[in-house]
Amino acid sequence: MARATFIGFLAVAMWAMLALLTAASGSMPPFQLAAITFAIGTGVGLVARLFTGGGDAAPIPPAVWLIGIGGLFGYHFFYFTALRNAPAVEASLIAYLWPLFIVLGSALMPGERLRWFHVTGALLGLAGTFLIVTGGSGLAFDGRYAFGYAMAGACAFLWSGYSLLSRRFPSVPTSIVTWFCLATALLSLACHLALEDTVWPTDSSQWMAILGLGLMPVGAAFYAWDYGVKHGNIQVLGAASYAAPLLSTLVLIGAGTAQATPQIVAACLLITAGAVLAAKSLLFGGRAKE
């Protein structure tokens with residue numbers, strides 16, 4: 001379980017590159033970018049099959065297809081819709097309720113037991129994320145953006161639901177994510193053709209950023225996450241997922257496109273403490289006490 005949890009956290013680490021690589025990819029519309037990067041992510045799965053010999057020999061239950069395609073495409077569809085209909089700060093914070101939903105929802109899963117340190121760790125992570133997203137300032141929820149807020153809430157619900165329900169099918173090989181990525185690429189292309197104007201990168205550096213997106217945060221990360229949520233500690237992964245916005249901010253600071261602030265330091269402490277607390281039974285061994 002510890003190994004699978006670590007593999008799942010690798011997805012969180014790769015998602016930390018999302019903001020930097022997206023910014024470096026130029027002004028390509030979101031659905032066009034999703035179509036291209038998920039196509040690359042499909043290639044990641046196909047190449048992996050060449051080396052592992054992995055395949056989907058057993059019939060895949062229809063529910064798995066619904067969960068997988070609905071999770072990957074649905075999250076991105078609702079997230080892009082939220083950003084078009086609500087301020088980015090509020091929409092992002094609402095969408096990032098999914099780690100907390102995973103921790104709380106895990107109590108409903110067979111063989112799982114929700115304990116106080118899982119919930120407390122997730123709440124500390126949420127507090128740290130609040131500091132990062134808002135910069136320490138308050139939020140101003142406006143009723144005019146209710147539709148956008150609802151779309152952001154749908155993001156959180158869909159991704160947490162995808163993560164939790166995937167755990168109910170541990171025998172389904174992670175290679176199935178290849179076809180989830182392909183379906184998401186095709187659906188994103190359809191949305192792009194219907195809703196957006198096509199914009200192509202202007203130089204090789206933007207193409208390299210797009211390639212990086214497809215290989216890692218929109219590629220290998222989804223395979224690692226699938227394996228982690230199926231075989232790892234779901235409560236620890238949920239709480240540790242709050243490290244993604246922190247790591248993303250640290251990457252931006254390292255790249256010189258963001259500045260370190262007292263809020264970032266406080267967020268670092270909150271998220272780290274939350275992750276360690278949620279994972280205390282995994283890190284320190286022994287039977288966790290309530």
# chains A, B, ... in the order shown; residues from 1 in each chain; ligands from 1
$ residues_around --residues "range 3-16 of chain A" --least-positions-apart "5" --cutoff "10 Å" --atoms "only C-alpha atoms" --output "PyMOL selection string"
chain A and resi 21+213+215-238+240-252+282
$ write_last_selection --atoms "C-alpha atoms" --output "PDB file, in the first residue's frame"
ATOM      1  CA  LEU A  21       3.697  24.498 -18.690  1.00  0.00           C
ATOM      2  CA  LEU A 213       1.906  18.846 -20.640  1.00  0.00           C
ATOM      3  CA  LEU A 215       3.715  13.634 -21.251  1.00  0.00           C
ATOM      4  CA  MET A 216       3.359  14.488 -17.555  1.00  0.00           C
ATOM      5  CA  PRO A 217       0.458  16.417 -15.964  1.00  0.00           C
ATOM      6  CA  VAL A 218      -2.031  15.481 -18.704  1.00  0.00           C
ATOM      7  CA  GLY A 219      -0.416  12.117 -19.433  1.00  0.00           C
ATOM      8  CA  ALA A 220       1.582   9.972 -17.035  1.00  0.00           C
ATOM      9  CA  ALA A 221      -0.045  11.648 -14.017  1.00  0.00           C
ATOM     10  CA  PHE A 222      -3.429  10.073 -14.769  1.00  0.00           C
ATOM     11  CA  TYR A 223      -1.922   6.588 -14.978  1.00  0.00           C
ATOM     12  CA  ALA A 224      -0.095   7.091 -11.672  1.00  0.00           C
ATOM     13  CA  TRP A 225      -3.246   8.451 -10.034  1.00  0.00           C
ATOM     14  CA  ASP A 226      -5.327   5.503 -11.234  1.00  0.00           C
ATOM     15  CA  TYR A 227      -2.877   3.025  -9.730  1.00  0.00           C
ATOM     16  CA  GLY A 228      -2.614   5.008  -6.505  1.00  0.00           C
ATOM     17  CA  VAL A 229      -6.328   5.371  -5.823  1.00  0.00           C
ATOM     18  CA  LYS A 230      -6.945   1.685  -6.625  1.00  0.00           C
ATOM     19  CA  HIS A 231      -4.210   0.207  -4.475  1.00  0.00           C
ATOM     20  CA  GLY A 232      -2.910   2.940  -2.139  1.00  0.00           C
ATOM     21  CA  ASN A 233      -4.171   4.700   0.980  1.00  0.00           C
ATOM     22  CA  ILE A 234      -7.051   6.806  -0.365  1.00  0.00           C
ATOM     23  CA  GLN A 235      -7.301   9.083   2.700  1.00  0.00           C
ATOM     24  CA  VAL A 236      -3.587   9.909   2.590  1.00  0.00           C
ATOM     25  CA  LEU A 237      -3.724  10.583  -1.141  1.00  0.00           C
ATOM     26  CA  GLY A 238      -6.717  12.844  -0.701  1.00  0.00           C
ATOM     27  CA  ALA A 240      -1.670  14.946   0.234  1.00  0.00           C
ATOM     28  CA  SER A 241      -3.290  16.210  -2.966  1.00  0.00           C
ATOM     29  CA  TYR A 242      -3.455  19.653  -1.419  1.00  0.00           C
ATOM     30  CA  ALA A 243       0.292  19.765  -2.040  1.00  0.00           C
ATOM     31  CA  ALA A 244      -0.391  20.277  -5.775  1.00  0.00           C
ATOM     32  CA  PRO A 245      -1.161  24.025  -5.619  1.00  0.00           C
ATOM     33  CA  LEU A 246       1.716  24.550  -3.183  1.00  0.00           C
ATOM     34  CA  LEU A 247       4.207  22.676  -5.362  1.00  0.00           C
ATOM     35  CA  SER A 248       2.861  24.484  -8.411  1.00  0.00           C
ATOM     36  CA  THR A 249       3.464  27.833  -6.712  1.00  0.00           C
ATOM     37  CA  LEU A 250       6.985  26.787  -5.679  1.00  0.00           C
ATOM     38  CA  VAL A 251       7.711  25.768  -9.286  1.00  0.00           C
ATOM     39  CA  LEU A 252       6.522  29.180 -10.486  1.00  0.00           C
ATOM     40  CA  LEU A 282       1.342   5.051   7.214  1.00  0.00           C
TER      41      LEU A 282
END
$ select_by_dssp --residues "range 129-241 of chain A" --states "helix (DSSP H, G or I)" --output "VMD selection string"
chain A and resid 129 to 134 143 to 166 174 to 195 204 to 231 234 to 240
$ write_last_selection --atoms "C-alpha atoms" --output "PDB file, in the first residue's frame"
ATOM      1  CA  THR A 129      -4.825  26.087  -0.461  1.00  0.00           C
ATOM      2  CA  PHE A 130      -7.054  29.018   0.524  1.00  0.00           C
ATOM      3  CA  LEU A 131      -3.953  31.069   1.337  1.00  0.00           C
ATOM      4  CA  ILE A 132      -2.324  30.205  -1.991  1.00  0.00           C
ATOM      5  CA  VAL A 133      -5.373  30.843  -4.164  1.00  0.00           C
ATOM      6  CA  THR A 134      -6.468  34.054  -2.457  1.00  0.00           C
ATOM      7  CA  GLY A 143     -24.582  35.808  -6.905  1.00  0.00           C
ATOM      8  CA  ARG A 144     -24.080  36.861 -10.520  1.00  0.00           C
ATOM      9  CA  TYR A 145     -21.548  34.044 -10.832  1.00  0.00           C
ATOM     10  CA  ALA A 146     -23.736  31.333  -9.286  1.00  0.00           C
ATOM     11  CA  PHE A 147     -23.658  29.275 -12.495  1.00  0.00           C
ATOM     12  CA  GLY A 148     -19.850  29.386 -12.608  1.00  0.00           C
ATOM     13  CA  TYR A 149     -19.629  28.436  -8.944  1.00  0.00           C
ATOM     14  CA  ALA A 150     -21.952  25.494  -9.584  1.00  0.00           C
ATOM     15  CA  MET A 151     -19.750  24.346 -12.469  1.00  0.00           C
ATOM     16  CA  ALA A 152     -16.695  24.523 -10.197  1.00  0.00           C
ATOM     17  CA  GLY A 153     -18.544  22.466  -7.603  1.00  0.00           C
ATOM     18  CA  ALA A 154     -19.332  19.911 -10.301  1.00  0.00           C
ATOM     19  CA  CYS A 155     -15.568  19.692 -10.988  1.00  0.00           C
ATOM     20  CA  ALA A 156     -14.840  18.820  -7.378  1.00  0.00           C
ATOM     21  CA  PHE A 157     -17.671  16.304  -7.239  1.00  0.00           C
ATOM     22  CA  LEU A 158     -16.719  14.607 -10.510  1.00  0.00           C
ATOM     23  CA  TRP A 159     -13.023  14.189  -9.776  1.00  0.00           C
ATOM     24  CA  SER A 160     -13.546  12.962  -6.229  1.00  0.00           C
ATOM     25  CA  GLY A 161     -16.241  10.604  -7.493  1.00  0.00           C
ATOM     26  CA  TYR A 162     -13.960   9.306 -10.240  1.00  0.00           C
ATOM     27  CA  SER A 163     -11.155   8.716  -7.749  1.00  0.00           C
ATOM     28  CA  LEU A 164     -13.348   6.961  -5.190  1.00  0.00           C
ATOM     29  CA  LEU A 165     -15.323   4.841  -7.650  1.00  0.00           C
ATOM     30  CA  SER A 166     -12.165   3.734  -9.468  1.00  0.00           C
ATOM     31  CA  THR A 174      -4.355   0.912 -15.226  1.00  0.00           C
ATOM     32  CA  SER A 175      -3.749   0.523 -18.964  1.00  0.00           C
ATOM     33  CA  ILE A 176      -7.463   1.276 -19.428  1.00  0.00           C
ATOM     34  CA  VAL A 177      -6.597   4.945 -18.786  1.00  0.00           C
ATOM     35  CA  THR A 178      -5.167   4.951 -22.320  1.00  0.00           C
ATOM     36  CA  TRP A 179      -8.683   4.767 -23.747  1.00  0.00           C
ATOM     37  CA  PHE A 180     -10.030   7.271 -21.221  1.00  0.00           C
ATOM     38  CA  CYS A 181      -7.439   9.736 -22.513  1.00  0.00           C
ATOM     39  CA  LEU A 182      -8.335   8.975 -26.129  1.00  0.00           C
ATOM     40  CA  ALA A 183     -12.044   9.534 -25.494  1.00  0.00           C
ATOM     41  CA  THR A 184     -11.267  12.773 -23.641  1.00  0.00           C
ATOM     42  CA  ALA A 185      -9.115  13.975 -26.542  1.00  0.00           C
ATOM     43  CA  LEU A 186     -11.897  13.296 -29.056  1.00  0.00           C
ATOM     44  CA  LEU A 187     -14.594  14.926 -26.919  1.00  0.00           C
ATOM     45  CA  SER A 188     -12.350  17.935 -26.298  1.00  0.00           C
ATOM     46  CA  LEU A 189     -11.768  18.235 -30.039  1.00  0.00           C
ATOM     47  CA  ALA A 190     -15.531  18.258 -30.615  1.00  0.00           C
ATOM     48  CA  CYS A 191     -15.939  21.013 -27.990  1.00  0.00           C
ATOM     49  CA  HIS A 192     -13.102  22.985 -29.553  1.00  0.00           C
ATOM     50  CA  LEU A 193     -14.614  22.829 -33.038  1.00  0.00           C
ATOM     51  CA  ALA A 194     -18.007  23.874 -31.668  1.00  0.00           C
ATOM     52  CA  LEU A 195     -16.949  26.577 -29.211  1.00  0.00           C
ATOM     53  CA  SER A 204       9.100  25.702 -30.765  1.00  0.00           C
ATOM     54  CA  SER A 205       9.191  26.547 -27.056  1.00  0.00           C
ATOM     55  CA  GLN A 206       5.394  26.611 -26.950  1.00  0.00           C
ATOM     56  CA  TRP A 207       5.258  23.269 -28.732  1.00  0.00           C
ATOM     57  CA  MET A 208       7.721  21.855 -26.199  1.00  0.00           C
ATOM     58  CA  ALA A 209       5.533  23.093 -23.349  1.00  0.00           C
ATOM     59  CA  ILE A 210       2.516  21.388 -24.929  1.00  0.00           C
ATOM     60  CA  LEU A 211       4.517  18.188 -25.323  1.00  0.00           C
ATOM     61  CA  GLY A 212       5.543  18.409 -21.659  1.00  0.00           C
ATOM     62  CA  LEU A 213       1.906  18.846 -20.640  1.00  0.00           C
ATOM     63  CA  GLY A 214       0.879  15.767 -22.572  1.00  0.00           C
ATOM     64  CA  LEU A 215       3.715  13.634 -21.251  1.00  0.00           C
ATOM     65  CA  MET A 216       3.359  14.488 -17.555  1.00  0.00           C
ATOM     66  CA  PRO A 217       0.458  16.417 -15.964  1.00  0.00           C
ATOM     67  CA  VAL A 218      -2.031  15.481 -18.704  1.00  0.00           C
ATOM     68  CA  GLY A 219      -0.416  12.117 -19.433  1.00  0.00           C
ATOM     69  CA  ALA A 220       1.582   9.972 -17.035  1.00  0.00           C
ATOM     70  CA  ALA A 221      -0.045  11.648 -14.017  1.00  0.00           C
ATOM     71  CA  PHE A 222      -3.429  10.073 -14.769  1.00  0.00           C
ATOM     72  CA  TYR A 223      -1.922   6.588 -14.978  1.00  0.00           C
ATOM     73  CA  ALA A 224      -0.095   7.091 -11.672  1.00  0.00           C
ATOM     74  CA  TRP A 225      -3.246   8.451 -10.034  1.00  0.00           C
ATOM     75  CA  ASP A 226      -5.327   5.503 -11.234  1.00  0.00           C
ATOM     76  CA  TYR A 227      -2.877   3.025  -9.730  1.00  0.00           C
ATOM     77  CA  GLY A 228      -2.614   5.008  -6.505  1.00  0.00           C
ATOM     78  CA  VAL A 229      -6.328   5.371  -5.823  1.00  0.00           C
ATOM     79  CA  LYS A 230      -6.945   1.685  -6.625  1.00  0.00           C
ATOM     80  CA  HIS A 231      -4.210   0.207  -4.475  1.00  0.00           C
ATOM     81  CA  ILE A 234      -7.051   6.806  -0.365  1.00  0.00           C
ATOM     82  CA  GLN A 235      -7.301   9.083   2.700  1.00  0.00           C
ATOM     83  CA  VAL A 236      -3.587   9.909   2.590  1.00  0.00           C
ATOM     84  CA  LEU A 237      -3.724  10.583  -1.141  1.00  0.00           C
ATOM     85  CA  GLY A 238      -6.717  12.844  -0.701  1.00  0.00           C
ATOM     86  CA  ALA A 239      -5.055  14.955   1.988  1.00  0.00           C
ATOM     87  CA  ALA A 240      -1.670  14.946   0.234  1.00  0.00           C
TER      88      ALA A 240
END
$ closest_residue --among "A:Ala127, A:Phe38, A:Leu83, A:Thr52" --to "Ile69 in chain A" --atoms "only C-alpha atoms"
A:Phe38
$ atom_distance --atom1 "CA of Gly254 in chain A" --atom2 "CA of Met17 in chain A"
11.6 Å
$ decode --residues "range 97-156 of chain A" --atoms "C-alpha atoms" --output "compact mmCIF listing (two decimals), in the first residue's frame"
# COMPACT_ATOMS: atom_id res chain seq x y z
CA LEU A 97 -12.56 20.88 -2.75
CA TRP A 98 -12.04 17.48 -4.40
CA PRO A 99 -9.26 16.30 -2.03
CA LEU A 100 -11.54 16.98 0.95
CA PHE A 101 -14.41 15.17 -0.78
CA ILE A 102 -12.12 12.17 -1.36
CA VAL A 103 -11.16 12.00 2.30
CA LEU A 104 -14.75 12.33 3.51
CA GLY A 105 -16.18 10.05 0.82
CA SER A 106 -13.68 7.32 1.61
CA ALA A 107 -15.70 6.53 4.73
CA LEU A 108 -18.36 5.09 2.44
CA MET A 109 -15.95 2.73 0.68
CA PRO A 110 -15.72 -0.96 1.61
CA GLY A 111 -12.78 -1.71 3.86
CA GLU A 112 -12.05 1.95 4.59
CA ARG A 113 -12.31 3.73 7.91
CA LEU A 114 -12.33 7.49 8.26
CA ARG A 115 -10.53 8.82 11.33
CA TRP A 116 -10.10 12.21 12.89
CA PHE A 117 -6.56 12.73 11.61
CA HIS A 118 -7.66 12.14 8.00
CA VAL A 119 -10.32 14.86 8.24
CA THR A 120 -8.09 17.27 10.18
CA GLY A 121 -5.25 16.79 7.73
CA ALA A 122 -7.54 17.50 4.78
CA LEU A 123 -8.91 20.64 6.46
CA LEU A 124 -5.38 21.92 7.12
CA GLY A 125 -4.59 21.33 3.45
CA LEU A 126 -7.72 23.22 2.43
CA ALA A 127 -6.67 26.14 4.64
CA GLY A 128 -3.25 26.19 2.98
CA THR A 129 -4.83 26.09 -0.46
CA PHE A 130 -7.05 29.02 0.52
CA LEU A 131 -3.95 31.07 1.34
CA ILE A 132 -2.32 30.20 -1.99
CA VAL A 133 -5.37 30.84 -4.16
CA THR A 134 -6.47 34.05 -2.46
CA GLY A 135 -3.03 35.43 -1.53
CA GLY A 136 -4.31 35.93 2.01
CA SER A 137 -7.15 38.23 0.97
CA GLY A 138 -10.80 37.47 1.43
CA LEU A 139 -13.29 36.02 -1.02
CA ALA A 140 -16.21 37.89 -2.48
CA PHE A 141 -18.78 35.40 -3.68
CA ASP A 142 -21.16 37.18 -6.04
CA GLY A 143 -24.58 35.81 -6.91
CA ARG A 144 -24.08 36.86 -10.52
CA TYR A 145 -21.55 34.04 -10.83
CA ALA A 146 -23.74 31.33 -9.29
CA PHE A 147 -23.66 29.27 -12.49
CA GLY A 148 -19.85 29.39 -12.61
CA TYR A 149 -19.63 28.44 -8.94
CA ALA A 150 -21.95 25.49 -9.58
CA MET A 151 -19.75 24.35 -12.47
CA ALA A 152 -16.70 24.52 -10.20
CA GLY A 153 -18.54 22.47 -7.60
CA ALA A 154 -19.33 19.91 -10.30
CA CYS A 155 -15.57 19.69 -10.99
CA ALA A 156 -14.84 18.82 -7.38
